[in-house]
file entry.pdb (PDB, C-alpha atoms, pLDDT in the B column)
MODEL        1
ATOM      1  CA  GLY V   6       1.884 104.346-100.049  1.00 33.00           C
ATOM      2  CA  GLU V   7       3.994 102.176-102.279  1.00 35.00           C
ATOM      3  CA  SER V   8       2.391  99.066-103.634  1.00 38.00           C
ATOM      4  CA  VAL V   9       2.773  96.214-106.060  1.00 44.00           C
ATOM      5  CA  GLY V  10       0.479  96.177-109.054  1.00 43.00           C
ATOM      6  CA  LEU V  11      -0.173  94.200-112.183  1.00 40.00           C
ATOM      7  CA  HIS V  12      -0.595  95.557-115.709  1.00 42.00           C
ATOM      8  CA  LEU V  13      -3.321  93.157-116.803  1.00 47.00           C
ATOM      9  CA  PRO V  14      -6.123  91.840-114.640  1.00 83.00           C
ATOM     10  CA  THR V  15      -6.989  88.970-117.034  1.00 91.00           C
ATOM     11  CA  LEU V  16      -5.045  86.936-119.542  1.00 93.00           C
ATOM     12  CA  SER V  17      -6.457  84.305-121.855  1.00 95.00           C
ATOM     13  CA  VAL V  18      -4.142  81.970-123.767  1.00 96.00           C
ATOM     14  CA  GLN V  19      -4.364  78.826-125.833  1.00 97.00           C
ATOM     15  CA  GLU V  20      -3.084  75.570-124.457  1.00 97.00           C
ATOM     16  CA  GLY V  21       0.513  75.100-125.489  1.00 97.00           C
ATOM     17  CA  ASP V  22       1.242  78.791-125.875  1.00 97.00           C
ATOM     18  CA  ASN V  23       3.621  80.688-123.632  1.00 97.00           C
ATOM     19  CA  SER V  24       2.139  83.070-121.062  1.00 97.00           C
ATOM     20  CA  ILE V  25       3.632  86.260-119.722  1.00 96.00           C
ATOM     21  CA  ILE V  26       2.259  87.871-116.594  1.00 96.00           C
ATOM     22  CA  ASN V  27       3.569  91.272-115.607  1.00 94.00           C
ATOM     23  CA  CYS V  28       4.010  93.116-112.347  1.00 94.00           C
ATOM     24  CA  ALA V  29       5.131  96.679-111.662  1.00 93.00           C
ATOM     25  CA  TYR V  30       6.580  97.523-108.301  1.00 88.00           C
ATOM     26  CA  SER V  31       7.082 100.993-106.944  1.00 79.00           C
ATOM     27  CA  ASN V  32       9.357 100.472-103.960  1.00 88.00           C
ATOM     28  CA  SER V  33      12.891 100.752-105.271  1.00 90.00           C
ATOM     29  CA  ALA V  34      14.182  99.417-101.962  1.00 88.00           C
ATOM     30  CA  SER V  35      12.602  95.998-102.569  1.00 89.00           C
ATOM     31  CA  ASP V  36      15.246  93.339-102.950  1.00 88.00           C
ATOM     32  CA  TYR V  37      13.193  90.167-102.938  1.00 90.00           C
ATOM     33  CA  PHE V  38      10.233  89.179-105.069  1.00 92.00           C
ATOM     34  CA  ILE V  39       7.952  86.171-105.140  1.00 93.00           C
ATOM     35  CA  TRP V  40       5.378  84.854-107.581  1.00 96.00           C
ATOM     36  CA  TYR V  41       2.403  82.950-106.233  1.00 97.00           C
ATOM     37  CA  LYS V  42      -0.303  80.922-107.947  1.00 97.00           C
ATOM     38  CA  GLN V  43      -3.748  80.724-106.413  1.00 95.00           C
ATOM     39  CA  GLU V  44      -6.363  78.302-107.660  1.00 94.00           C
ATOM     40  CA  SER V  45      -9.990  78.840-106.850  1.00 91.00           C
ATOM     41  CA  GLY V  46     -10.773  77.979-103.237  1.00 91.00           C
ATOM     42  CA  LYS V  47      -7.146  77.336-102.321  1.00 94.00           C
ATOM     43  CA  GLY V  48      -4.330  79.144-100.626  1.00 95.00           C
ATOM     44  CA  PRO V  49      -1.542  80.885-102.545  1.00 96.00           C
ATOM     45  CA  GLN V  50       1.130  78.489-103.722  1.00 96.00           C
ATOM     46  CA  PHE V  51       4.759  79.532-104.053  1.00 95.00           C
ATOM     47  CA  ILE V  52       6.013  79.317-107.644  1.00 96.00           C
ATOM     48  CA  ILE V  53       9.369  81.038-107.851  1.00 96.00           C
ATOM     49  CA  ASP V  54      11.326  83.848-106.264  1.00 94.00           C
ATOM     50  CA  ILE V  55      14.143  86.151-107.247  1.00 94.00           C
ATOM     51  CA  ARG V  56      16.511  88.476-105.439  1.00 92.00           C
ATOM     52  CA  SER V  57      17.527  91.854-106.732  1.00 91.00           C
ATOM     53  CA  ASN V  58      21.076  90.729-107.483  1.00 93.00           C
ATOM     54  CA  MET V  59      19.660  88.596-110.295  1.00 95.00           C
ATOM     55  CA  ASP V  60      17.928  89.490-113.562  1.00 97.00           C
ATOM     56  CA  LYS V  61      16.508  86.090-114.374  1.00 97.00           C
ATOM     57  CA  ARG V  62      15.708  82.870-112.656  1.00 97.00           C
ATOM     58  CA  GLN V  63      14.313  79.694-114.132  1.00 97.00           C
ATOM     59  CA  GLY V  64      12.255  76.927-112.662  1.00 95.00           C
ATOM     60  CA  GLN V  65      10.287  74.103-114.133  1.00 93.00           C
ATOM     61  CA  ARG V  66       8.414  75.680-117.093  1.00 96.00           C
ATOM     62  CA  VAL V  67       8.554  79.071-115.387  1.00 98.00           C
ATOM     63  CA  THR V  68      10.972  81.959-115.667  1.00 98.00           C
ATOM     64  CA  VAL V  69      10.972  85.164-113.674  1.00 98.00           C
ATOM     65  CA  LEU V  70      12.579  88.264-115.118  1.00 98.00           C
ATOM     66  CA  LEU V  71      13.471  91.306-113.067  1.00 97.00           C
ATOM     67  CA  ASN V  72      14.155  94.703-114.571  1.00 96.00           C
ATOM     68  CA  LYS V  73      15.256  96.985-111.775  1.00 93.00           C
ATOM     69  CA  THR V  74      15.700  99.951-114.068  1.00 93.00           C
ATOM     70  CA  VAL V  75      11.981 100.189-114.761  1.00 94.00           C
ATOM     71  CA  LYS V  76      10.890  98.321-111.633  1.00 93.00           C
ATOM     72  CA  HIS V  77       9.198  95.549-113.535  1.00 95.00           C
ATOM     73  CA  LEU V  78       8.804  91.875-112.832  1.00 96.00           C
ATOM     74  CA  SER V  79       7.410  89.232-115.155  1.00 97.00           C
ATOM     75  CA  LEU V  80       6.499  85.578-114.943  1.00 98.00           C
ATOM     76  CA  GLN V  81       6.795  83.494-118.075  1.00 98.00           C
ATOM     77  CA  ILE V  82       5.068  80.137-118.248  1.00 98.00           C
ATOM     78  CA  ALA V  83       6.155  77.881-121.075  1.00 97.00           C
ATOM     79  CA  ALA V  84       3.747  75.561-122.867  1.00 97.00           C
ATOM     80  CA  THR V  85       0.798  76.685-120.768  1.00 97.00           C
ATOM     81  CA  GLN V  86      -1.502  73.900-119.664  1.00 96.00           C
ATOM     82  CA  PRO V  87      -5.119  73.911-118.447  1.00 96.00           C
ATOM     83  CA  GLY V  88      -3.814  73.230-114.943  1.00 96.00           C
ATOM     84  CA  ASP V  89      -2.043  76.579-115.058  1.00 97.00           C
ATOM     85  CA  SER V  90      -5.384  78.379-114.985  1.00 96.00           C
ATOM     86  CA  ALA V  91      -5.359  80.403-111.775  1.00 95.00           C
ATOM     87  CA  VAL V  92      -4.746  83.841-110.337  1.00 95.00           C
ATOM     88  CA  TYR V  93      -1.099  84.800-110.263  1.00 96.00           C
ATOM     89  CA  PHE V  94       0.243  87.569-108.097  1.00 93.00           C
ATOM     90  CA  CYS V  95       3.589  88.933-107.155  1.00 94.00           C
ATOM     91  CA  ALA V  96       4.909  90.098-103.820  1.00 92.00           C
ATOM     92  CA  GLU V  97       7.807  92.275-102.747  1.00 90.00           C
ATOM     93  CA  ASN V  98       9.548  92.717 -99.418  1.00 86.00           C
ATOM     94  CA  GLY V  99      10.018  96.489 -99.521  1.00 80.00           C
ATOM     95  CA  GLY V 100      13.696  96.086 -98.753  1.00 75.00           C
ATOM     96  CA  GLY V 101      13.028  96.094 -95.058  1.00 67.00           C
ATOM     97  CA  SER V 102      11.762  93.407 -92.765  1.00 60.00           C
ATOM     98  CA  ASN V 103      11.459  90.280 -94.785  1.00 55.00           C
ATOM     99  CA  TYR V 104       8.265  89.267 -93.117  1.00 65.00           C
ATOM    100  CA  LYS V 105       6.326  92.276 -94.351  1.00 77.00           C
ATOM    101  CA  LEU V 106       5.530  91.378 -97.893  1.00 87.00           C
ATOM    102  CA  THR V 107       3.351  93.575-100.090  1.00 88.00           C
ATOM    103  CA  PHE V 108       1.126  91.667-102.473  1.00 90.00           C
ATOM    104  CA  GLY V 109      -0.318  92.617-105.821  1.00 88.00           C
ATOM    105  CA  LYS V 110      -3.989  92.133-106.587  1.00 87.00           C
ATOM    106  CA  GLY V 111      -3.424  89.390-109.129  1.00 90.00           C
ATOM    107  CA  THR V 112      -3.933  88.438-112.769  1.00 93.00           C
ATOM    108  CA  LEU V 113      -6.405  85.771-113.757  1.00 93.00           C
ATOM    109  CA  LEU V 114      -4.880  83.398-116.290  1.00 96.00           C
ATOM    110  CA  THR V 115      -7.315  81.315-118.332  1.00 95.00           C
ATOM    111  CA  VAL V 116      -5.999  78.545-120.549  1.00 96.00           C
ATOM    112  CA  ASN V 117      -8.270  77.548-123.401  1.00 94.00           C
ATOM    113  CA  PRO V 118      -8.049  73.971-124.693  1.00 89.00           C
TER     114      PRO V 118
ATOM    115  CA  ASP O   7       0.199  73.484 -98.240  1.00 54.00           C
ATOM    116  CA  ALA O   8       3.621  73.149 -96.608  1.00 65.00           C
ATOM    117  CA  GLY O   9       2.338  71.387 -93.497  1.00 93.00           C
ATOM    118  CA  ILE O  10      -0.153  74.099 -92.572  1.00 97.00           C
ATOM    119  CA  THR O  11      -3.732  73.485 -91.567  1.00 97.00           C
ATOM    120  CA  GLN O  12      -6.418  75.982 -90.740  1.00 98.00           C
ATOM    121  CA  SER O  13      -9.612  75.411 -88.824  1.00 97.00           C
ATOM    122  CA  PRO O  14     -12.416  75.804 -89.351  1.00 98.00           C
ATOM    123  CA  ARG O  15     -12.356  75.956 -93.149  1.00 97.00           C
ATOM    124  CA  HIS O  16     -15.735  77.633 -93.287  1.00 97.00           C
ATOM    125  CA  LYS O  17     -17.676  79.541 -90.664  1.00 97.00           C
ATOM    126  CA  VAL O  18     -20.832  81.590 -90.581  1.00 98.00           C
ATOM    127  CA  THR O  19     -21.410  83.728 -87.529  1.00 97.00           C
ATOM    128  CA  GLU O  20     -23.457  86.672 -86.386  1.00 97.00           C
ATOM    129  CA  THR O  21     -22.423  90.242 -85.784  1.00 98.00           C
ATOM    130  CA  GLY O  22     -21.137  90.816 -82.276  1.00 97.00           C
ATOM    131  CA  THR O  23     -20.020  87.274 -81.567  1.00 97.00           C
ATOM    132  CA  PRO O  24     -16.383  86.371 -80.884  1.00 97.00           C
ATOM    133  CA  VAL O  25     -14.675  84.095 -83.386  1.00 98.00           C
ATOM    134  CA  THR O  26     -11.361  82.279 -83.164  1.00 98.00           C
ATOM    135  CA  LEU O  27      -9.517  80.864 -86.141  1.00 98.00           C
ATOM    136  CA  ARG O  28      -6.685  78.435 -85.701  1.00 98.00           C
ATOM    137  CA  CYS O  29      -3.534  77.898 -87.708  1.00 98.00           C
ATOM    138  CA  HIS O  30      -1.413  74.832 -87.061  1.00 98.00           C
ATOM    139  CA  GLN O  31       1.961  74.091 -88.640  1.00 97.00           C
ATOM    140  CA  THR O  32       4.155  71.023 -88.575  1.00 96.00           C
ATOM    141  CA  GLU O  33       7.246  72.709 -90.058  1.00 94.00           C
ATOM    142  CA  ASN O  34       8.606  74.204 -86.832  1.00 93.00           C
ATOM    143  CA  HIS O  35       8.919  77.585 -88.551  1.00 92.00           C
ATOM    144  CA  ARG O  36       9.499  80.589 -86.344  1.00 92.00           C
ATOM    145  CA  TYR O  37       7.367  83.142 -88.181  1.00 92.00           C
ATOM    146  CA  MET O  38       3.625  82.952 -88.602  1.00 94.00           C
ATOM    147  CA  TYR O  39       1.215  85.402 -90.194  1.00 95.00           C
ATOM    148  CA  TRP O  40      -2.477  86.090 -90.564  1.00 97.00           C
ATOM    149  CA  TYR O  41      -3.774  87.720 -93.723  1.00 97.00           C
ATOM    150  CA  ARG O  42      -7.160  88.557 -95.080  1.00 97.00           C
ATOM    151  CA  GLN O  43      -8.024  88.455 -98.753  1.00 94.00           C
ATOM    152  CA  ASP O  44     -10.832  90.530-100.216  1.00 90.00           C
ATOM    153  CA  PRO O  45     -11.873  91.258-103.818  1.00 83.00           C
ATOM    154  CA  GLY O  46     -10.042  94.256-105.185  1.00 79.00           C
ATOM    155  CA  HIS O  47      -7.297  94.009-102.596  1.00 84.00           C
ATOM    156  CA  GLY O  48      -4.092  92.101-102.380  1.00 84.00           C
ATOM    157  CA  LEU O  49      -3.445  90.012 -99.316  1.00 92.00           C
ATOM    158  CA  ARG O  50      -3.322  92.288 -96.294  1.00 94.00           C
ATOM    159  CA  LEU O  51      -1.405  91.497 -93.149  1.00 94.00           C
ATOM    160  CA  ILE O  52      -3.425  91.453 -89.935  1.00 96.00           C
ATOM    161  CA  HIS O  53      -0.895  90.282 -87.364  1.00 96.00           C
ATOM    162  CA  TYR O  54       2.286  88.290 -87.340  1.00 93.00           C
ATOM    163  CA  SER O  55       4.377  86.391 -84.845  1.00 94.00           C
ATOM    164  CA  TYR O  56       8.129  86.119 -84.645  1.00 90.00           C
ATOM    165  CA  GLY O  57       8.203  83.592 -81.852  1.00 91.00           C
ATOM    166  CA  VAL O  58       6.219  82.119 -79.004  1.00 94.00           C
ATOM    167  CA  LYS O  59       4.376  84.934 -77.252  1.00 93.00           C
ATOM    168  CA  ASP O  60       5.955  87.465 -79.636  1.00 94.00           C
ATOM    169  CA  THR O  61       3.460  89.141 -81.916  1.00 94.00           C
ATOM    170  CA  ASP O  62       3.013  92.443 -83.689  1.00 92.00           C
ATOM    171  CA  LYS O  63       0.388  94.293 -85.669  1.00 93.00           C
ATOM    172  CA  GLY O  64       0.055  94.407 -89.412  1.00 92.00           C
ATOM    173  CA  GLU O  65      -1.691  96.967 -91.566  1.00 90.00           C
ATOM    174  CA  VAL O  66      -5.285  95.922 -90.769  1.00 95.00           C
ATOM    175  CA  SER O  67      -5.140  94.842 -87.141  1.00 96.00           C
ATOM    176  CA  ASP O  68      -8.120  96.775 -85.736  1.00 96.00           C
ATOM    177  CA  GLY O  69     -10.748  94.401 -84.359  1.00 96.00           C
ATOM    178  CA  TYR O  70      -8.368  91.422 -84.289  1.00 98.00           C
ATOM    179  CA  SER O  71      -6.134  89.909 -81.673  1.00 97.00           C
ATOM    180  CA  VAL O  72      -3.722  86.988 -81.835  1.00 98.00           C
ATOM    181  CA  SER O  73      -2.002  84.585 -79.531  1.00 97.00           C
ATOM    182  CA  ARG O  74       0.842  82.148 -79.900  1.00 97.00           C
ATOM    183  CA  SER O  75       1.429  79.941 -76.886  1.00 96.00           C
ATOM    184  CA  LYS O  76       3.477  77.336 -78.773  1.00 96.00           C
ATOM    185  CA  THR O  77       5.484  77.243 -81.960  1.00 96.00           C
ATOM    186  CA  GLU O  78       2.982  75.261 -83.966  1.00 97.00           C
ATOM    187  CA  ASP O  79      -0.205  77.206 -83.233  1.00 98.00           C
ATOM    188  CA  PHE O  80      -1.228  80.759 -84.061  1.00 98.00           C
ATOM    189  CA  LEU O  81      -4.739  81.866 -83.167  1.00 98.00           C
ATOM    190  CA  LEU O  82      -6.641  84.792 -84.639  1.00 98.00           C
ATOM    191  CA  THR O  83      -9.566  86.156 -82.641  1.00 98.00           C
ATOM    192  CA  LEU O  84     -12.224  88.529 -83.833  1.00 97.00           C
ATOM    193  CA  GLU O  85     -13.287  90.022 -80.553  1.00 93.00           C
ATOM    194  CA  SER O  86     -16.732  91.120 -81.761  1.00 96.00           C
ATOM    195  CA  ALA O  87     -17.284  90.154 -85.360  1.00 97.00           C
ATOM    196  CA  THR O  88     -18.596  92.738 -87.817  1.00 97.00           C
ATOM    197  CA  SER O  89     -19.842  92.349 -91.377  1.00 97.00           C
ATOM    198  CA  SER O  90     -16.710  94.131 -92.627  1.00 97.00           C
ATOM    199  CA  GLN O  91     -14.714  91.176 -91.346  1.00 98.00           C
ATOM    200  CA  THR O  92     -16.387  88.838 -93.817  1.00 97.00           C
ATOM    201  CA  SER O  93     -13.391  87.626 -95.754  1.00 97.00           C
ATOM    202  CA  VAL O  94     -11.099  84.741 -96.517  1.00 97.00           C
ATOM    203  CA  TYR O  95      -8.371  84.417 -93.931  1.00 98.00           C
ATOM    204  CA  PHE O  96      -5.016  82.866 -94.690  1.00 98.00           C
ATOM    205  CA  CYS O  97      -2.286  81.792 -92.366  1.00 97.00           C
ATOM    206  CA  ALA O  98       1.302  81.748 -93.598  1.00 95.00           C
ATOM    207  CA  ILE O  99       4.635  80.640 -92.212  1.00 94.00           C
ATOM    208  CA  SER O 100       8.251  81.402 -92.923  1.00 91.00           C
ATOM    209  CA  GLU O 101      11.405  79.861 -91.600  1.00 86.00           C
ATOM    210  CA  SER O 102      13.608  82.807 -90.775  1.00 72.00           C
ATOM    211  CA  LEU O 103      14.491  86.351 -91.738  1.00 60.00           C
ATOM    212  CA  ASP O 104      17.031  84.914 -94.159  1.00 59.00           C
ATOM    213  CA  THR O 105      14.349  82.871 -95.845  1.00 61.00           C
ATOM    214  CA  ASP O 106      11.819  85.346 -97.084  1.00 70.00           C
ATOM    215  CA  THR O 107       9.376  83.010 -98.697  1.00 87.00           C
ATOM    216  CA  GLN O 108       6.046  82.665 -96.986  1.00 91.00           C
ATOM    217  CA  TYR O 109       4.027  79.493 -97.412  1.00 94.00           C
ATOM    218  CA  PHE O 110       0.284  79.630 -97.074  1.00 96.00           C
ATOM    219  CA  GLY O 111      -2.406  77.470 -95.579  1.00 97.00           C
ATOM    220  CA  PRO O 112      -5.660  76.555 -97.325  1.00 97.00           C
ATOM    221  CA  GLY O 113      -7.670  79.434 -95.877  1.00 97.00           C
ATOM    222  CA  THR O 114     -10.804  79.959 -93.802  1.00 98.00           C
ATOM    223  CA  ARG O 115     -13.875  81.511 -95.357  1.00 97.00           C
ATOM    224  CA  LEU O 116     -15.659  83.571 -92.707  1.00 98.00           C
ATOM    225  CA  THR O 117     -19.082  85.097 -93.202  1.00 97.00           C
ATOM    226  CA  VAL O 118     -20.431  87.523 -90.620  1.00 97.00           C
ATOM    227  CA  LEU O 119     -24.173  88.079 -90.909  1.00 97.00           C
TER     228      LEU O 119
ENDMDL
END
call {"tool": "encode", "arguments": {"input": "entry.pdb", "output": "structure tokens"}}
result
Amino acid sequence: GESVGLHLPTLSVQEGDNSIINCAYSNSASDYFIWYKQESGKGPQFIIDIRSNMDKRQGQRVTVLLNKTVKHLSLQIAATQPGDSAVYFCAENGGGSNYKLTFGKGTLLTVNP
Amino acid sequence: DAGITQSPRHKVTETGTPVTLRCHQTENHRYMYWYRQDPGHGLRLIHYSYGVKDTDKGEVSDGYSVSRSKTEDFLLTLESATSSQTSVYFCAISESLDTDTQYFGPGTRLTVL
């Protein structure tokens, strides 16, 4: 079946650097994507979302880029801080019922002081 | 956690016993979901609800049942717990089909011995 995946399972960065977390999706019908952050022992926390009619969306220190041509999604975190250390995963809606999201397995981001 | 609580937060039980997990929301959102999260897998949908007394199966519904007698509560029951149901269970809510974003509760860690 179609699924959402991530290129890198782990990412280690220095405090203050920018981080880029990638996600490949295979369902070309998906028209809505979400990035979540999950800290150890906690539930997933919504970070930012993007619809397929957009290529880029910015939030506070985060930017999501969507490349529909190659079915690729990325999350950029500016000036990464130790509090950004967590697992990040993306989700897609498959273009159908919006309540049936498909989630990626996640990338562990570690920020070194 | 977007006004979502889950109880209990931790539970250890024995194989063959019934277990009920509770999700309570204060957001008055129509849609509620139960997921399980296991190493090596993304979040997987067990059951979801699209209104009071309206529920449907997700991708991993075998061995689970749900009930929703009022908007704010969504119960997940493991009819006869098995070791394969050891997992972390998350409840999520979303407002409507036009608002795709799902917000998650803090999770329940269930261990079946």
call {"tool": "residues_around", "arguments": {"input": "entry.pdb", "residues": "segment 41-44 of chain V", "least_positions_apart": "5", "cutoff": "8 Å", "atoms": "all atoms listed in the file", "output": "ChimeraX atom specification"}}
result
/V:49-53,90-96
call {"tool": "resolve_selection", "arguments": {"input": "entry.pdb", "expression": "the PyMOL selection byres ((chain O and resi 85) around 10)", "output": "compact mmCIF listing (two decimals) with C-alpha atoms, in the coordinates of the input"}}
result
# COMPACT_ATOMS: atom_id res chain seq x y z
CA GLY O 22 -21.14 90.82 -82.28
CA THR O 23 -20.02 87.27 -81.57
CA PRO O 24 -16.38 86.37 -80.88
CA VAL O 25 -14.68 84.10 -83.39
CA THR O 26 -11.36 82.28 -83.16
CA ASP O 68 -8.12 96.78 -85.74
CA GLY O 69 -10.75 94.40 -84.36
CA TYR O 70 -8.37 91.42 -84.29
CA SER O 71 -6.13 89.91 -81.67
CA LEU O 82 -6.64 84.79 -84.64
CA THR O 83 -9.57 86.16 -82.64
CA LEU O 84 -12.22 88.53 -83.83
CA SER O 86 -16.73 91.12 -81.76
CA ALA O 87 -17.28 90.15 -85.36
CA THR O 88 -18.60 92.74 -87.82
call {"tool": "closest_residue", "arguments": {"input": "entry.pdb", "among": "O:Ile10, O:Leu51, O:Val66, O:Val18", "to": "Thr107 of chain V", "atoms": "all atoms listed in the file"}}
result
O:Leu51
call {"tool": "closest_atom_pairs", "arguments": {"input": "entry.pdb", "of": "chain O", "to": "chain V", "cutoff": "7 Å", "atoms": "only C-alpha atoms", "output": "Markdown table"}}
result
| residue | atom | partner | partner_atom | distance |
| --- | --- | --- | --- | --- |
| O:Gly46 | CA | V:Lys110 | CA | 6.6 |
| O:His47 | CA | V:Lys110 | CA | 5.5 |
| O:Gly48 | CA | V:Lys110 | CA | 4.2 |
| O:Leu49 | CA | V:Phe108 | CA | 5.8 |
| O:Leu103 | CA | V:Asn103 | CA | 5.8 |
| O:Asp106 | CA | V:Asn103 | CA | 5.5 |
| O:Tyr109 | CA | V:Phe51 | CA | 6.7 |
| O:Phe110 | CA | V:Gly48 | CA | 5.8 |
| O:Gly111 | CA | V:Gly48 | CA | 5.7 |
| O:Pro112 | CA | V:Gly48 | CA | 4.4 |
| O:Gly113 | CA | V:Gly48 | CA | 5.8 |
call {"tool": "atom_distance", "arguments": {"input": "entry.pdb", "atom1": "atom CA of Gln91 of chain O", "atom2": "atom CA of Thr112 of chain V"}}
result
24.1 Å
call {"tool": "closest_residue", "arguments": {"input": "entry.pdb", "among": "O:Glu65, O:Asp44, O:Glu78, O:Asp60", "to": "Thr11 of chain O", "atoms": "all atoms listed in the file"}}
result
O:Glu78
call {"tool": "atom_distance", "arguments": {"input": "entry.pdb", "atom1": "atom CA of Ser45 of chain V", "atom2": "atom CA of Tyr54 of chain O"}}
result
24.9 Å
call {"tool": "atom_distance", "arguments": {"input": "entry.pdb", "atom1": "atom CA of Asn117 of chain V", "atom2": "atom CA of Val18 of chain V"}}
result
6.1 Å
call {"tool": "axis_aligned_box", "arguments": {"input": "entry.pdb", "around": "segment 49-52 of chain V", "padding_each_side": "6 Å", "output": "JSON"}}
result
{"center_x": 2.2, "center_y": 79.7, "center_z": -105.1, "size_x": 19.6, "size_y": 14.4, "size_z": 17.1}
call {"tool": "closest_residue", "arguments": {"input": "entry.pdb", "among": "V:Met59, V:Gly100, V:Arg66, V:Leu80", "to": "Gly21 of chain V", "atoms": "all atoms listed in the file"}}
result
V:Arg66
call {"tool": "decode", "arguments": {"input": "entry.pdb", "residues": "segment 64-78 of chain O", "atoms": "N, CA, C and O atoms", "output": "PDB file, in the first residue's frame"}}
result
ATOM      1  N   GLY O  64     -10.594   1.286  11.814  1.00  0.00           N
ATOM      2  CA  GLY O  64      -9.386   1.698  11.148  1.00  0.00           C
ATOM      3  C   GLY O  64      -8.642   0.485  10.621  1.00  0.00           C
ATOM      4  O   GLY O  64      -9.215  -0.585  10.439  1.00  0.00           O
ATOM      5  N   GLU O  65      -7.343   0.655  10.427  1.00  0.00           N
ATOM      6  CA  GLU O  65      -6.565  -0.411   9.794  1.00  0.00           C
ATOM      7  C   GLU O  65      -6.197  -1.554  10.729  1.00  0.00           C
ATOM      8  O   GLU O  65      -5.857  -2.653  10.267  1.00  0.00           O
ATOM      9  N   VAL O  66      -6.227  -1.330  12.055  1.00  0.00           N
ATOM     10  CA  VAL O  66      -5.827  -2.374  12.996  1.00  0.00           C
ATOM     11  C   VAL O  66      -6.886  -2.550  14.072  1.00  0.00           C
ATOM     12  O   VAL O  66      -6.609  -2.487  15.267  1.00  0.00           O
ATOM     13  N   SER O  67      -8.107  -2.804  13.668  1.00  0.00           N
ATOM     14  CA  SER O  67      -9.229  -2.820  14.599  1.00  0.00           C
ATOM     15  C   SER O  67      -9.475  -4.176  15.271  1.00  0.00           C
ATOM     16  O   SER O  67     -10.216  -4.245  16.262  1.00  0.00           O
ATOM     17  N   ASP O  68      -8.880  -5.248  14.775  1.00  0.00           N
ATOM     18  CA  ASP O  68      -9.143  -6.564  15.348  1.00  0.00           C
ATOM     19  C   ASP O  68      -8.752  -6.608  16.818  1.00  0.00           C
ATOM     20  O   ASP O  68      -7.648  -6.247  17.196  1.00  0.00           O
ATOM     21  N   GLY O  69      -9.680  -7.087  17.657  1.00  0.00           N
ATOM     22  CA  GLY O  69      -9.408  -7.205  19.084  1.00  0.00           C
ATOM     23  C   GLY O  69      -9.763  -5.966  19.878  1.00  0.00           C
ATOM     24  O   GLY O  69      -9.596  -5.951  21.091  1.00  0.00           O
ATOM     25  N   TYR O  70     -10.264  -4.942  19.205  1.00  0.00           N
ATOM     26  CA  TYR O  70     -10.633  -3.675  19.848  1.00  0.00           C
ATOM     27  C   TYR O  70     -12.085  -3.319  19.529  1.00  0.00           C
ATOM     28  O   TYR O  70     -12.566  -3.602  18.435  1.00  0.00           O
ATOM     29  N   SER O  71     -12.714  -2.686  20.484  1.00  0.00           N
ATOM     30  CA  SER O  71     -14.023  -2.100  20.232  1.00  0.00           C
ATOM     31  C   SER O  71     -14.038  -0.710  20.842  1.00  0.00           C
ATOM     32  O   SER O  71     -13.202  -0.385  21.698  1.00  0.00           O
ATOM     33  N   VAL O  72     -14.974   0.123  20.381  1.00  0.00           N
ATOM     34  CA  VAL O  72     -15.047   1.494  20.875  1.00  0.00           C
ATOM     35  C   VAL O  72     -16.502   1.855  21.152  1.00  0.00           C
ATOM     36  O   VAL O  72     -17.423   1.209  20.654  1.00  0.00           O
ATOM     37  N   SER O  73     -16.648   2.887  21.940  1.00  0.00           N
ATOM     38  CA  SER O  73     -17.986   3.429  22.165  1.00  0.00           C
ATOM     39  C   SER O  73     -17.885   4.927  22.384  1.00  0.00           C
ATOM     40  O   SER O  73     -16.901   5.425  22.953  1.00  0.00           O
ATOM     41  N   ARG O  74     -18.930   5.610  21.935  1.00  0.00           N
ATOM     42  CA  ARG O  74     -18.980   7.058  22.130  1.00  0.00           C
ATOM     43  C   ARG O  74     -20.438   7.431  22.441  1.00  0.00           C
ATOM     44  O   ARG O  74     -21.257   7.562  21.535  1.00  0.00           O
ATOM     45  N   SER O  75     -20.715   7.575  23.700  1.00  0.00           N
ATOM     46  CA  SER O  75     -22.072   7.867  24.150  1.00  0.00           C
ATOM     47  C   SER O  75     -22.307   9.364  24.296  1.00  0.00           C
ATOM     48  O   SER O  75     -23.465   9.815  24.361  1.00  0.00           O
ATOM     49  N   LYS O  76     -21.250  10.151  24.339  1.00  0.00           N
ATOM     50  CA  LYS O  76     -21.366  11.607  24.361  1.00  0.00           C
ATOM     51  C   LYS O  76     -20.170  12.225  23.653  1.00  0.00           C
ATOM     52  O   LYS O  76     -19.135  11.583  23.491  1.00  0.00           O
ATOM     53  N   THR O  77     -20.334  13.458  23.244  1.00  0.00           N
ATOM     54  CA  THR O  77     -19.331  14.105  22.407  1.00  0.00           C
ATOM     55  C   THR O  77     -17.947  14.074  23.016  1.00  0.00           C
ATOM     56  O   THR O  77     -16.955  13.855  22.323  1.00  0.00           O
ATOM     57  N   GLU O  78     -17.873  14.267  24.327  1.00  0.00           N
ATOM     58  CA  GLU O  78     -16.566  14.461  24.944  1.00  0.00           C
ATOM     59  C   GLU O  78     -15.801  13.191  25.279  1.00  0.00           C
ATOM     60  O   GLU O  78     -14.620  13.249  25.580  1.00  0.00           O
TER      61      GLU O  78
END
